[in-house]
file model-v9.tsv (TSV, C-alpha atoms)
chain	number	residue	atom	x	y	z
Y	1	GLN	CA	98.74	29.49	16.18
Y	2	ASP	CA	100.22	31.46	19.10
Y	3	ALA	CA	102.30	29.13	21.24
Y	4	THR	CA	102.19	31.39	24.28
Y	5	PRO	CA	100.34	29.68	27.17
Y	6	ASN	CA	97.20	31.29	28.54
Y	7	TRP	CA	98.64	32.60	31.78
Y	8	ASN	CA	95.44	34.51	32.48
Y	9	ALA	CA	93.48	31.26	32.44
Y	10	ILE	CA	95.97	29.73	34.89
Y	11	LEU	CA	95.61	32.75	37.15
Y	12	GLN	CA	91.82	32.59	37.05
Y	13	TRP	CA	91.93	28.87	37.79
Y	14	SER	CA	94.18	29.50	40.82
Y	15	ILE	CA	91.84	32.21	42.11
Y	16	ALA	CA	88.88	29.91	41.65
Y	17	GLN	CA	90.60	27.14	43.63
Y	18	GLY	CA	91.33	29.61	46.41
Y	19	ALA	CA	87.68	30.62	46.49
Y	20	LYS	CA	86.62	26.98	46.70
Y	21	THR	CA	89.06	26.38	49.54
Y	22	SER	CA	87.75	29.42	51.44
Y	23	SER	CA	84.16	28.34	50.94
Y	24	ALA	CA	84.86	24.79	52.03
Y	25	THR	CA	86.74	25.99	55.09
Y	26	THR	CA	83.89	28.28	56.14
Y	27	SER	CA	81.29	25.56	55.73
Y	28	ALA	CA	83.23	22.93	57.63
Y	29	GLY	CA	84.40	25.27	60.35
Y	30	ASP	CA	87.94	24.01	59.77
Y	31	GLY	CA	90.54	26.75	60.10
Y	32	ASP	CA	93.51	25.04	58.45
Y	33	GLY	CA	92.37	25.94	54.89
Y	34	VAL	CA	93.76	22.69	53.41
Y	35	ARG	CA	92.13	21.28	50.30
Y	36	THR	CA	93.16	18.18	48.40
Y	37	PHE	CA	93.42	18.62	44.63
Y	38	THR	CA	92.09	15.90	42.38
Y	39	ASP	CA	94.43	14.07	40.04
Y	40	GLU	CA	92.69	15.72	37.10
Y	41	GLU	CA	93.22	19.23	38.51
Y	42	ARG	CA	96.84	18.53	39.32
Y	43	LYS	CA	97.52	17.14	35.83
Y	44	TRP	CA	95.87	20.17	34.17
Y	45	PHE	CA	98.01	22.58	36.18
Y	46	TYR	CA	101.31	20.79	35.56
Y	47	ASP	CA	100.56	20.41	31.86
Y	48	ALA	CA	99.79	24.12	31.60
Y	49	MET	CA	103.04	25.05	33.31
Y	50	ALA	CA	105.07	22.64	31.19
Y	51	SER	CA	103.54	23.98	27.99
Y	52	GLY	CA	104.89	27.41	28.85
Y	53	LEU	CA	108.43	26.08	29.05
Y	54	VAL	CA	108.23	24.00	25.90
Y	55	ASN	CA	106.40	26.54	23.76
Y	56	GLU	CA	108.97	29.31	24.31
Y	57	VAL	CA	111.66	27.20	22.67
Y	58	GLU	CA	109.30	25.94	19.99
Y	59	ARG	CA	108.28	29.48	19.14
Y	60	MET	CA	111.92	30.56	18.85
Y	61	LYS	CA	112.50	27.62	16.52
Y	62	GLU	CA	109.60	28.72	14.36
Y	63	VAL	CA	110.96	32.26	14.18
Y	64	THR	CA	114.52	31.25	13.31
Y	65	GLU	CA	113.30	28.77	10.71
Y	66	ALA	CA	111.12	31.45	9.15
Y	67	LEU	CA	114.09	33.83	9.04
Y	68	ARG	CA	116.24	31.13	7.48
Y	69	ALA	CA	113.61	30.24	4.88
Y	70	VAL	CA	114.20	33.35	2.77
Y	71	ASP	CA	117.52	34.55	1.37
Y	72	ALA	CA	118.68	37.21	3.82
Y	73	THR	CA	120.08	39.35	1.00
Y	74	ALA	CA	116.83	39.36	-0.99
Y	75	THR	CA	114.82	42.52	-1.58
Y	76	LEU	CA	111.37	41.99	-0.05
Y	77	ASP	CA	107.95	43.42	-0.76
Y	78	ASP	CA	106.24	45.45	1.94
Y	79	ASP	CA	104.18	42.57	3.34
Y	80	GLU	CA	107.13	40.20	3.67
Y	81	LEU	CA	109.30	42.96	5.11
Y	82	ALA	CA	106.68	43.72	7.78
Y	83	ARG	CA	106.36	40.02	8.58
Y	84	ARG	CA	110.10	39.60	9.08
Y	85	GLU	CA	110.32	42.77	11.17
Y	86	ALA	CA	107.64	41.28	13.43
Y	87	LEU	CA	109.57	38.00	13.67
Y	88	LEU	CA	112.69	39.80	14.81
Y	89	GLU	CA	110.73	41.79	17.38
Y	90	ASP	CA	109.17	38.57	18.65
Y	91	LEU	CA	112.56	36.88	18.97
Y	92	THR	CA	114.12	39.88	20.69
Y	93	MET	CA	111.32	39.90	23.25
Y	94	ARG	CA	111.78	36.20	23.97
Y	95	VAL	CA	115.58	36.28	24.39
Y	96	GLU	CA	115.18	38.89	27.12
Y	97	ASN	CA	114.63	35.77	29.22
Y	98	VAL	CA	118.08	34.48	30.25
Y	99	ASP	CA	117.18	30.83	29.68
Y	100	ASN	CA	115.81	31.55	26.22
Y	101	ALA	CA	118.96	33.51	25.35
Y	102	GLY	CA	121.02	30.49	26.32
Y	103	ASP	CA	118.85	28.23	24.16
Y	104	LEU	CA	119.19	30.35	21.02
Y	105	TYR	CA	122.44	28.63	20.06
Y	106	THR	CA	120.92	25.18	20.63
Y	107	ILE	CA	118.21	25.80	18.04
Y	108	GLY	CA	120.63	27.32	15.52
Y	109	GLY	CA	119.36	30.85	15.98
Y	110	PHE	CA	122.59	32.79	15.60
Y	111	GLU	CA	123.17	31.96	11.93
Y	112	PRO	CA	119.99	33.53	10.49
Y	113	LEU	CA	120.49	36.62	12.66
Y	114	ILE	CA	124.07	37.06	11.47
Y	115	ALA	CA	122.97	36.53	7.87
Y	116	THR	CA	120.25	39.17	8.29
Y	117	LEU	CA	122.95	41.77	9.07
Y	118	LYS	CA	123.53	41.80	5.29
Y	119	SER	CA	119.91	42.43	4.37
Y	120	PRO	CA	119.27	45.31	1.93
Y	121	HIS	CA	116.60	46.54	4.37
Y	122	GLU	CA	117.93	48.69	7.22
Y	123	SER	CA	115.05	47.83	9.54
Y	124	LEU	CA	115.97	44.13	9.33
Y	125	ARG	CA	119.68	44.79	9.83
Y	126	ALA	CA	118.85	46.88	12.89
Y	127	GLY	CA	116.42	44.24	14.19
Y	128	ALA	CA	118.97	41.45	13.83
Y	129	ALA	CA	121.62	43.50	15.64
Y	130	GLU	CA	119.21	44.28	18.47
Y	131	ALA	CA	118.32	40.60	18.85
Y	132	LEU	CA	122.02	39.73	19.06
Y	133	ALA	CA	122.57	42.50	21.62
Y	134	THR	CA	119.70	41.33	23.81
Y	135	THR	CA	120.83	37.71	23.62
Y	136	THR	CA	124.44	38.35	24.61
Y	137	GLN	CA	124.00	41.12	27.17
Y	138	ASN	CA	125.51	39.97	30.49
Y	139	HIS	CA	125.30	36.34	29.30
Y	140	GLU	CA	128.68	34.62	29.07
Y	141	LYS	CA	127.33	31.42	27.54
Y	142	ALA	CA	125.49	33.33	24.80
Y	143	GLN	CA	128.55	35.54	24.20
Y	144	THR	CA	130.74	32.48	23.70
Y	145	HIS	CA	128.27	30.86	21.31
Y	146	ALA	CA	127.79	34.09	19.35
Y	147	LEU	CA	131.54	34.49	19.06
Y	148	GLY	CA	131.86	30.94	17.74
Y	149	ALA	CA	129.11	31.57	15.20
Y	150	GLY	CA	130.99	34.53	13.70
Y	151	ALA	CA	129.01	37.38	15.22
Y	152	MET	CA	132.09	39.49	15.98
Y	153	SER	CA	133.33	39.91	12.42
Y	154	ALA	CA	129.77	40.32	11.11
Y	155	LEU	CA	128.95	43.08	13.61
Y	156	ILE	CA	132.26	44.91	13.07
Y	157	ASP	CA	131.64	44.80	9.34
Y	158	ALA	CA	128.09	46.09	9.85
Y	159	ALA	CA	129.29	48.95	12.05
Y	160	ARG	CA	132.02	49.81	9.56
Y	161	ARG	CA	130.03	49.65	6.32
Y	162	ASP	CA	126.35	50.17	7.10
Y	163	GLY	CA	124.98	53.29	5.45
Y	164	GLY	CA	122.02	53.51	7.83
Y	165	ASP	CA	122.71	55.28	11.09
Y	166	ASN	CA	120.09	53.31	13.03
Y	167	ALA	CA	121.45	49.93	11.92
Y	168	ARG	CA	125.02	51.08	12.52
Y	169	ALA	CA	124.15	52.25	16.05
Y	170	LYS	CA	122.44	48.92	16.78
Y	171	ALA	CA	125.53	47.05	15.55
Y	172	LEU	CA	127.73	49.11	17.92
Y	173	TYR	CA	125.32	48.37	20.75
Y	174	ALA	CA	125.49	44.66	19.97
Y	175	LEU	CA	129.29	44.82	20.00
Y	176	SER	CA	129.18	46.44	23.45
Y	177	CYS	CA	126.97	43.62	24.73
Y	178	LEU	CA	129.11	40.94	23.10
Y	179	ILE	CA	132.44	42.07	24.58
Y	180	ARG	CA	131.34	43.24	28.03
Y	181	GLY	CA	132.98	41.05	30.66
Y	182	ASN	CA	134.27	38.56	28.07
Y	183	ALA	CA	138.05	38.51	27.62
Y	184	ASN	CA	137.97	36.36	24.47
Y	185	ALA	CA	135.45	38.65	22.80
Y	186	GLN	CA	137.55	41.68	23.72
Y	187	LYS	CA	140.60	40.11	22.11
Y	188	ALA	CA	138.63	39.27	18.99
Y	189	PHE	CA	137.32	42.83	18.83
Y	190	ALA	CA	140.85	44.24	18.97
Y	191	LEU	CA	142.10	41.79	16.33
Y	192	GLY	CA	139.23	42.88	14.09
Y	193	GLU	CA	140.46	46.48	14.29
Y	194	GLY	CA	137.52	47.40	16.47
Y	195	VAL	CA	139.44	50.06	18.40
Y	196	GLN	CA	140.33	51.86	15.18
Y	197	LEU	CA	136.70	51.65	14.14
Y	198	CYS	CA	135.58	53.27	17.40
Y	199	ALA	CA	138.00	56.16	16.91
Y	200	LYS	CA	136.68	56.70	13.40
Y	201	LEU	CA	133.02	56.60	14.39
Y	202	ILE	CA	133.49	58.89	17.39
Y	203	ALA	CA	134.49	61.49	14.81
Y	204	HIS	CA	131.48	60.54	12.66
Y	205	PRO	CA	129.74	63.84	11.81
Y	206	GLY	CA	126.43	62.48	10.60
Y	207	SER	CA	124.71	61.00	13.64
Y	208	GLU	CA	124.92	61.67	17.37
Y	209	LYS	CA	123.36	58.27	17.99
Y	210	VAL	CA	126.29	56.58	16.27
Y	211	ARG	CA	128.83	58.72	18.10
Y	212	VAL	CA	127.29	57.95	21.50
Y	213	LYS	CA	127.32	54.20	20.86
Y	214	ALA	CA	130.95	54.40	19.66
Y	215	LEU	CA	131.96	56.38	22.75
Y	216	VAL	CA	130.30	53.86	25.08
Y	217	LEU	CA	131.88	50.95	23.22
Y	218	ALA	CA	135.30	52.60	23.39
Y	219	ARG	CA	135.03	52.84	27.17
Y	220	HIS	CA	134.68	49.06	27.34
Y	221	VAL	CA	137.86	48.38	25.38
Y	222	VAL	CA	140.51	51.11	25.64
Y	223	THR	CA	141.33	50.37	29.28
Y	224	GLN	CA	141.45	46.59	28.79
Y	225	SER	CA	145.05	46.48	27.60
Y	226	GLU	CA	148.05	48.66	26.83
Y	227	ALA	CA	147.74	47.63	23.19
Y	228	ASN	CA	144.17	48.90	22.98
Y	229	MET	CA	145.13	52.13	24.71
Y	230	ALA	CA	148.07	52.67	22.36
Y	231	CYS	CA	145.85	52.01	19.36
Y	232	ALA	CA	143.22	54.47	20.58
Y	233	ILE	CA	145.82	57.19	21.02
Y	234	GLU	CA	147.48	56.47	17.69
Y	235	PHE	CA	144.15	56.83	15.89
Y	236	ASN	CA	143.38	60.17	17.57
Y	237	MET	CA	140.61	59.04	19.87
Y	238	ILE	CA	141.40	61.80	22.35
Y	239	THR	CA	140.87	64.63	19.88
Y	240	ALA	CA	137.82	62.89	18.40
Y	241	ALA	CA	136.20	62.48	21.82
Y	242	ALA	CA	137.05	66.07	22.75
Y	243	GLY	CA	135.18	67.21	19.67
Y	244	CYS	CA	132.04	65.50	21.03
Y	245	LEU	CA	132.08	67.83	24.06
Y	246	SER	CA	130.66	70.53	21.81
Y	247	SER	CA	127.63	68.40	20.98
Y	248	ASP	CA	124.10	69.50	21.84
Y	249	ASP	CA	123.35	65.89	22.79
Y	250	ILE	CA	123.76	65.51	26.55
Y	251	ASN	CA	124.44	61.78	26.14
Y	252	ALA	CA	127.30	62.49	23.75
Y	253	THR	CA	128.94	65.05	26.03
Y	254	GLU	CA	128.72	62.77	29.07
Y	255	ALA	CA	130.03	59.73	27.21
Y	256	ALA	CA	132.88	61.80	25.75
Y	257	ALA	CA	133.86	63.31	29.10
Y	258	ARG	CA	133.86	59.93	30.82
Y	259	LEU	CA	135.88	58.31	28.03
Y	260	LEU	CA	138.49	61.08	28.16
Y	261	LEU	CA	138.76	60.72	31.92
Y	262	ASP	CA	139.18	56.94	31.62
Y	263	ILE	CA	142.00	57.44	29.13
Y	264	ALA	CA	143.66	60.11	31.28
Y	265	ARG	CA	143.55	57.93	34.40
Y	266	CYS	CA	144.68	54.69	32.79
Y	267	CYS	CA	147.18	55.79	30.15
Y	268	ASP	CA	150.90	55.44	30.82
Y	269	PHE	CA	151.97	58.88	29.64
Y	270	GLU	CA	155.66	57.95	29.68
Y	271	LYS	CA	154.95	55.33	27.05
Y	272	SER	CA	152.46	57.53	25.19
Y	273	PRO	CA	153.75	61.11	24.95
Y	274	LYS	CA	151.26	61.68	22.12
Y	275	ALA	CA	148.45	61.31	24.66
Y	276	VAL	CA	149.87	64.18	26.73
Y	277	ASP	CA	150.20	66.29	23.60
Y	278	ASP	CA	146.61	65.54	22.58
Y	279	PHE	CA	145.23	66.43	26.01
Y	280	ARG	CA	147.28	69.64	26.25
Y	281	ARG	CA	146.62	70.69	22.68
Y	282	SER	CA	145.10	74.18	22.68
Y	283	THR	CA	141.97	73.04	20.86
Y	284	THR	CA	141.37	70.27	23.42
Y	285	THR	CA	141.86	72.50	26.47
Y	286	ARG	CA	139.65	75.17	24.91
Y	287	ILE	CA	136.85	72.70	24.22
Y	288	ILE	CA	137.03	71.37	27.77
Y	289	ALA	CA	136.99	74.93	29.16
Y	290	ASP	CA	134.01	75.85	26.98
Y	291	ALA	CA	132.10	72.74	28.05
Y	292	ARG	CA	132.74	73.52	31.72
Y	293	ALA	CA	131.60	77.10	31.23
Y	294	THR	CA	128.40	75.92	29.53
Y	295	ILE	CA	127.57	73.68	32.49
Y	296	ALA	CA	128.48	76.39	35.01
Y	297	ALA	CA	126.00	78.75	33.33
Y	298	LEU	CA	123.07	76.36	33.76
Y	299	THR	CA	120.29	77.60	36.03
Y	300	ASP	CA	117.60	74.95	35.68
Y	301	GLU	CA	117.89	72.38	38.48
Y	302	ASP	CA	117.01	69.47	36.20
Y	303	ASP	CA	119.68	70.51	33.67
Y	304	ILE	CA	122.25	70.88	36.44
Y	305	ALA	CA	121.43	67.42	37.79
Y	306	ALA	CA	121.53	65.87	34.32
Y	307	ASN	CA	125.03	67.24	33.75
Y	308	THR	CA	126.49	66.22	37.11
Y	309	GLU	CA	128.58	63.29	35.85
Y	310	THR	CA	129.84	65.33	32.92
Y	311	LYS	CA	130.86	68.17	35.23
Y	312	ILE	CA	132.75	65.84	37.55
Y	313	ALA	CA	134.68	64.32	34.64
Y	314	LEU	CA	135.49	67.68	33.06
Y	315	ASP	CA	136.62	69.19	36.36
Y	316	SER	CA	138.93	66.22	36.90
Y	317	LEU	CA	140.38	66.57	33.40
Y	318	ALA	CA	140.95	70.30	33.88
Y	319	ALA	CA	142.76	69.65	37.16
Y	320	MET	CA	144.97	66.97	35.61
Y	321	PHE	CA	146.09	69.07	32.65
Y	322	ALA	CA	146.04	72.57	34.12
call {"tool": "encode", "arguments": {"input": "model-v9.tsv", "output": "structure tokens"}}
result
Amino acid sequence: QDATPNWNAILQWSIAQGAKTSSATTSAGDGDGVRTFTDEERKWFYDAMASGLVNEVERMKEVTEALRAVDATATLDDDELARREALLEDLTMRVENVDNAGDLYTIGGFEPLIATLKSPHESLRAGAAEALATTTQNHEKAQTHALGAGAMSALIDAARRDGGDNARAKALYALSCLIRGNANAQKAFALGEGVQLCAKLIAHPGSEKVRVKALVLARHVVTQSEANMACAIEFNMITAAAGCLSSDDINATEAAARLLLDIARCCDFEKSPKAVDDFRRSTTTRIIADARATIAALTDEDDIAANTETKIALDSLAAMFA
């Protein structure tokens, strides 16, 4: 049975009460529009509102228990796979609500999601990662609970090993949500060799979606500490990001340009001479020049507007390393 309250019925009831009030006011000639609700009406309304609060949590419990009921590593038939995909979509929708996201830990919801990251079905791995991302996005309490439940190592492992580009991209997105604004999560990400992973995936030739997510994730971490910056440079993140400037994907070129500019502005070049070498390498300067020329040749106003941020970043890089 669907636990979602009938909000339409509540709305219709409210409209009906307003109509009664208006009618009563007109008949009595009283302009204050005040009507006293009966105890029965008041109880019905409060019960309906309370059911909405209770049923959200109860429904999340049902979903997490259903996910936990089957071995996450089992191969499923089509019907069961579809059912579990729907459960994950349902849970993701519900944790968009900040209060529900905070309650996910209370009902033990992180464990079945983390376990599902090892499913043999890519759609379930991607769904679990998206649910974790939605839960932890801009939510410090949920980030802390997810970190304690082991989400960091599970998501890094998923991003490193997953053979499906969609699931891998979702894992990178979840990592971005988990670490954003959370110092402890950022430290755990670095300890889990997350910076090295970003550098590797930025150079990933198979999927622009994966590269974009890795570029965005890298922007969250490389400027957080000198250690992260040094690691990014050591693992050739500059040359990998420069390679993305040749992409046909506008999101990849913008993310790459902005990451390169962040590194250039925040890096201590005296401590990292390799960074200067990587930026001034002939291949890097040529790629930046080619990308600027491509944008300069645009004539369509929408295309020009869409590339504004990329142009600003590339012009700044060219000026810094001229």
call {"tool": "atom_distance", "arguments": {"input": "model-v9.tsv", "atom1": "CA of Asn97 (chain Y)", "atom2": "CA of Ala115 (chain Y)"}}
result
22.9 Å
call {"tool": "closest_residue", "arguments": {"input": "model-v9.tsv", "among": "Y:Glu65, Y:Arg280, Y:Glu270, Y:Arg94", "to": "Met320 (chain Y)", "atoms": "all atoms listed in the file"}}
result
Y:Arg280
call {"tool": "axis_aligned_box", "arguments": {"input": "model-v9.tsv", "around": "region 79-90 of chain Y", "padding_each_side": "3 Å", "output": "lines of an AutoDock Vina configuration file"}}
result
center_x = 108.4
center_y = 40.9
center_z = 11.0
size_x = 14.5
size_y = 11.7
size_z = 21.3
call {"tool": "residues_around", "arguments": {"input": "model-v9.tsv", "residues": "region 72-75 of chain Y", "least_positions_apart": "5", "cutoff": "12 Å", "atoms": "all atoms listed in the file", "output": "number ranges by chain"}}
result
Y: 64, 66-67, 80-81, 84, 111-122, 124-125, 128
call {"tool": "residues_around", "arguments": {"input": "model-v9.tsv", "residues": "Val222 (chain Y)", "least_positions_apart": "4", "cutoff": "12 Å", "atoms": "only C-alpha atoms", "output": "PyMOL selection string"}}
result
chain Y and resi 186-187+189-190+194-196+198-199+214-218+226-235+237-238+259-267
call {"tool": "residues_around", "arguments": {"input": "model-v9.tsv", "residues": "Asp99 (chain Y)", "least_positions_apart": "5", "cutoff": "10 Å", "atoms": "all atoms listed in the file", "output": "MDAnalysis selection string"}}
result
chainID Y and resid 53 56:57 94 104 135 139 142
call {"tool": "atom_distance", "arguments": {"input": "model-v9.tsv", "atom1": "CA of Ser247 (chain Y)", "atom2": "CA of Pro273 (chain Y)"}}
result
27.4 Å
call {"tool": "atom_distance", "arguments": {"input": "model-v9.tsv", "atom1": "CA of Leu178 (chain Y)", "atom2": "CA of Ala131 (chain Y)"}}
result
11.6 Å
call {"tool": "closest_residue", "arguments": {"input": "model-v9.tsv", "among": "Y:Asn55, Y:Glu254, Y:Arg180, Y:Leu317", "to": "Gln224 (chain Y)", "atoms": "all atoms listed in the file"}}
result
Y:Arg180
call {"tool": "closest_residue", "arguments": {"input": "model-v9.tsv", "among": "Y:Pro205, Y:Gly108, Y:Gly102, Y:Gly243", "to": "Asp165 (chain Y)", "atoms": "all atoms listed in the file"}}
result
Y:Pro205
call {"tool": "residues_near_point", "arguments": {"input": "model-v9.tsv", "point": "(128.7, 61.5, 35.4)", "cutoff": "9 Å", "atoms": "all atoms listed in the file", "output": "MDAnalysis selection string"}}
result
chainID Y and resid 254:255 257:258 306:313
call {"tool": "write_last_selection", "arguments": {"input": "model-v9.tsv", "atoms": "C-alpha atoms", "output": "mmCIF file, in the coordinates of the input"}}
result
data_model
loop_
_atom_site.group_PDB
_atom_site.id
_atom_site.type_symbol
_atom_site.label_atom_id
_atom_site.label_comp_id
_atom_site.auth_asym_id
_atom_site.auth_seq_id
_atom_site.Cartn_x
_atom_site.Cartn_y
_atom_site.Cartn_z
ATOM 1 C CA GLU Y 254 128.720 62.770 29.070
ATOM 2 C CA ALA Y 255 130.030 59.730 27.210
ATOM 3 C CA ALA Y 257 133.860 63.310 29.100
ATOM 4 C CA ARG Y 258 133.860 59.930 30.820
ATOM 5 C CA ALA Y 306 121.530 65.870 34.320
ATOM 6 C CA ASN Y 307 125.030 67.240 33.750
ATOM 7 C CA THR Y 308 126.490 66.220 37.110
ATOM 8 C CA GLU Y 309 128.580 63.290 35.850
ATOM 9 C CA THR Y 310 129.840 65.330 32.920
ATOM 10 C CA LYS Y 311 130.860 68.170 35.230
ATOM 11 C CA ILE Y 312 132.750 65.840 37.550
ATOM 12 C CA ALA Y 313 134.680 64.320 34.640
#
call {"tool": "residues_around", "arguments": {"input": "model-v9.tsv", "residues": "Ala185 (chain Y)", "least_positions_apart": "5", "cutoff": "8 Å", "atoms": "all atoms listed in the file", "output": "list in words"}}
result
Gln143, Thr144, Leu147, Met152, Leu178 and Ile179 of chain Y
call {"tool": "closest_residue", "arguments": {"input": "model-v9.tsv", "among": "Y:Leu87, Y:Ala171, Y:Ala129, Y:Ala82", "to": "Arg59 (chain Y)", "atoms": "all atoms listed in the file"}}
result
Y:Leu87
call {"tool": "closest_residue", "arguments": {"input": "model-v9.tsv", "among": "Y:Ala296, Y:Val221, Y:Ala167, Y:Leu314", "to": "Ala256 (chain Y)", "atoms": "only C-alpha atoms"}}
result
Y:Leu314
call {"tool": "closest_residue", "arguments": {"input": "model-v9.tsv", "among": "Y:Ala169, Y:Ala183, Y:Leu191, Y:Ala242", "to": "Val210 (chain Y)", "atoms": "only C-alpha atoms"}}
result
Y:Ala169
call {"tool": "decode", "arguments": {"input": "model-v9.tsv", "residues": "region 246-267 of chain Y", "atoms": "N, CA and C atoms", "output": "PDB file, in the first residue's frame"}}
result
ATOM      1  N   SER Y 246      40.620  19.665 -25.694  1.00  0.00           N
ATOM      2  CA  SER Y 246      40.359  19.309 -27.093  1.00  0.00           C
ATOM      3  C   SER Y 246      39.044  18.554 -27.267  1.00  0.00           C
ATOM      4  N   SER Y 247      38.336  18.354 -26.178  1.00  0.00           N
ATOM      5  CA  SER Y 247      37.089  17.592 -26.218  1.00  0.00           C
ATOM      6  C   SER Y 247      36.003  18.345 -26.975  1.00  0.00           C
ATOM      7  N   ASP Y 248      35.089  17.591 -27.576  1.00  0.00           N
ATOM      8  CA  ASP Y 248      33.911  18.178 -28.219  1.00  0.00           C
ATOM      9  C   ASP Y 248      32.802  18.457 -27.210  1.00  0.00           C
ATOM     10  N   ASP Y 249      32.995  17.973 -25.991  1.00  0.00           N
ATOM     11  CA  ASP Y 249      31.994  18.159 -24.931  1.00  0.00           C
ATOM     12  C   ASP Y 249      32.260  19.493 -24.237  1.00  0.00           C
ATOM     13  N   ILE Y 250      31.318  20.421 -24.353  1.00  0.00           N
ATOM     14  CA  ILE Y 250      31.498  21.754 -23.786  1.00  0.00           C
ATOM     15  C   ILE Y 250      31.663  21.712 -22.275  1.00  0.00           C
ATOM     16  N   ASN Y 251      31.028  20.737 -21.615  1.00  0.00           N
ATOM     17  CA  ASN Y 251      31.168  20.606 -20.163  1.00  0.00           C
ATOM     18  C   ASN Y 251      32.575  20.182 -19.785  1.00  0.00           C
ATOM     19  N   ALA Y 252      33.170  19.325 -20.604  1.00  0.00           N
ATOM     20  CA  ALA Y 252      34.536  18.870 -20.332  1.00  0.00           C
ATOM     21  C   ALA Y 252      35.533  20.009 -20.510  1.00  0.00           C
ATOM     22  N   THR Y 253      35.375  20.784 -21.566  1.00  0.00           N
ATOM     23  CA  THR Y 253      36.328  21.875 -21.798  1.00  0.00           C
ATOM     24  C   THR Y 253      36.223  22.936 -20.703  1.00  0.00           C
ATOM     25  N   GLU Y 254      35.003  23.261 -20.289  1.00  0.00           N
ATOM     26  CA  GLU Y 254      34.863  24.257 -19.222  1.00  0.00           C
ATOM     27  C   GLU Y 254      35.430  23.750 -17.906  1.00  0.00           C
ATOM     28  N   ALA Y 255      35.105  22.511 -17.550  1.00  0.00           N
ATOM     29  CA  ALA Y 255      35.611  21.952 -16.292  1.00  0.00           C
ATOM     30  C   ALA Y 255      37.133  21.878 -16.304  1.00  0.00           C
ATOM     31  N   ALA Y 256      37.699  21.513 -17.456  1.00  0.00           N
ATOM     32  CA  ALA Y 256      39.161  21.422 -17.562  1.00  0.00           C
ATOM     33  C   ALA Y 256      39.807  22.794 -17.437  1.00  0.00           C
ATOM     34  N   ALA Y 257      39.265  23.789 -18.132  1.00  0.00           N
ATOM     35  CA  ALA Y 257      39.822  25.140 -18.081  1.00  0.00           C
ATOM     36  C   ALA Y 257      39.766  25.703 -16.667  1.00  0.00           C
ATOM     37  N   ARG Y 258      38.671  25.476 -15.990  1.00  0.00           N
ATOM     38  CA  ARG Y 258      38.519  26.021 -14.634  1.00  0.00           C
ATOM     39  C   ARG Y 258      39.423  25.296 -13.648  1.00  0.00           C
ATOM     40  N   LEU Y 259      39.607  23.989 -13.816  1.00  0.00           N
ATOM     41  CA  LEU Y 259      40.525  23.248 -12.958  1.00  0.00           C
ATOM     42  C   LEU Y 259      41.959  23.739 -13.160  1.00  0.00           C
ATOM     43  N   LEU Y 260      42.367  23.898 -14.404  1.00  0.00           N
ATOM     44  CA  LEU Y 260      43.725  24.378 -14.692  1.00  0.00           C
ATOM     45  C   LEU Y 260      43.957  25.758 -14.091  1.00  0.00           C
ATOM     46  N   LEU Y 261      42.958  26.622 -14.179  1.00  0.00           N
ATOM     47  CA  LEU Y 261      43.105  27.956 -13.612  1.00  0.00           C
ATOM     48  C   LEU Y 261      43.191  27.899 -12.083  1.00  0.00           C
ATOM     49  N   ASP Y 262      42.402  27.038 -11.463  1.00  0.00           N
ATOM     50  CA  ASP Y 262      42.491  26.866 -10.008  1.00  0.00           C
ATOM     51  C   ASP Y 262      43.893  26.429  -9.598  1.00  0.00           C
ATOM     52  N   ILE Y 263      44.445  25.464 -10.324  1.00  0.00           N
ATOM     53  CA  ILE Y 263      45.794  24.984 -10.010  1.00  0.00           C
ATOM     54  C   ILE Y 263      46.807  26.107 -10.194  1.00  0.00           C
ATOM     55  N   ALA Y 264      46.703  26.823 -11.307  1.00  0.00           N
ATOM     56  CA  ALA Y 264      47.659  27.894 -11.594  1.00  0.00           C
ATOM     57  C   ALA Y 264      47.616  28.996 -10.538  1.00  0.00           C
ATOM     58  N   ARG Y 265      46.436  29.313 -10.045  1.00  0.00           N
ATOM     59  CA  ARG Y 265      46.300  30.385  -9.060  1.00  0.00           C
ATOM     60  C   ARG Y 265      46.722  29.967  -7.660  1.00  0.00           C
ATOM     61  N   CYS Y 266      46.554  28.701  -7.327  1.00  0.00           N
ATOM     62  CA  CYS Y 266      46.775  28.254  -5.953  1.00  0.00           C
ATOM     63  C   CYS Y 266      48.099  27.531  -5.737  1.00  0.00           C
ATOM     64  N   CYS Y 267      48.732  27.101  -6.774  1.00  0.00           N
ATOM     65  CA  CYS Y 267      49.968  26.325  -6.647  1.00  0.00           C
ATOM     66  C   CYS Y 267      51.146  27.227  -6.248  1.00  0.00           C
TER      67      CYS Y 267
END
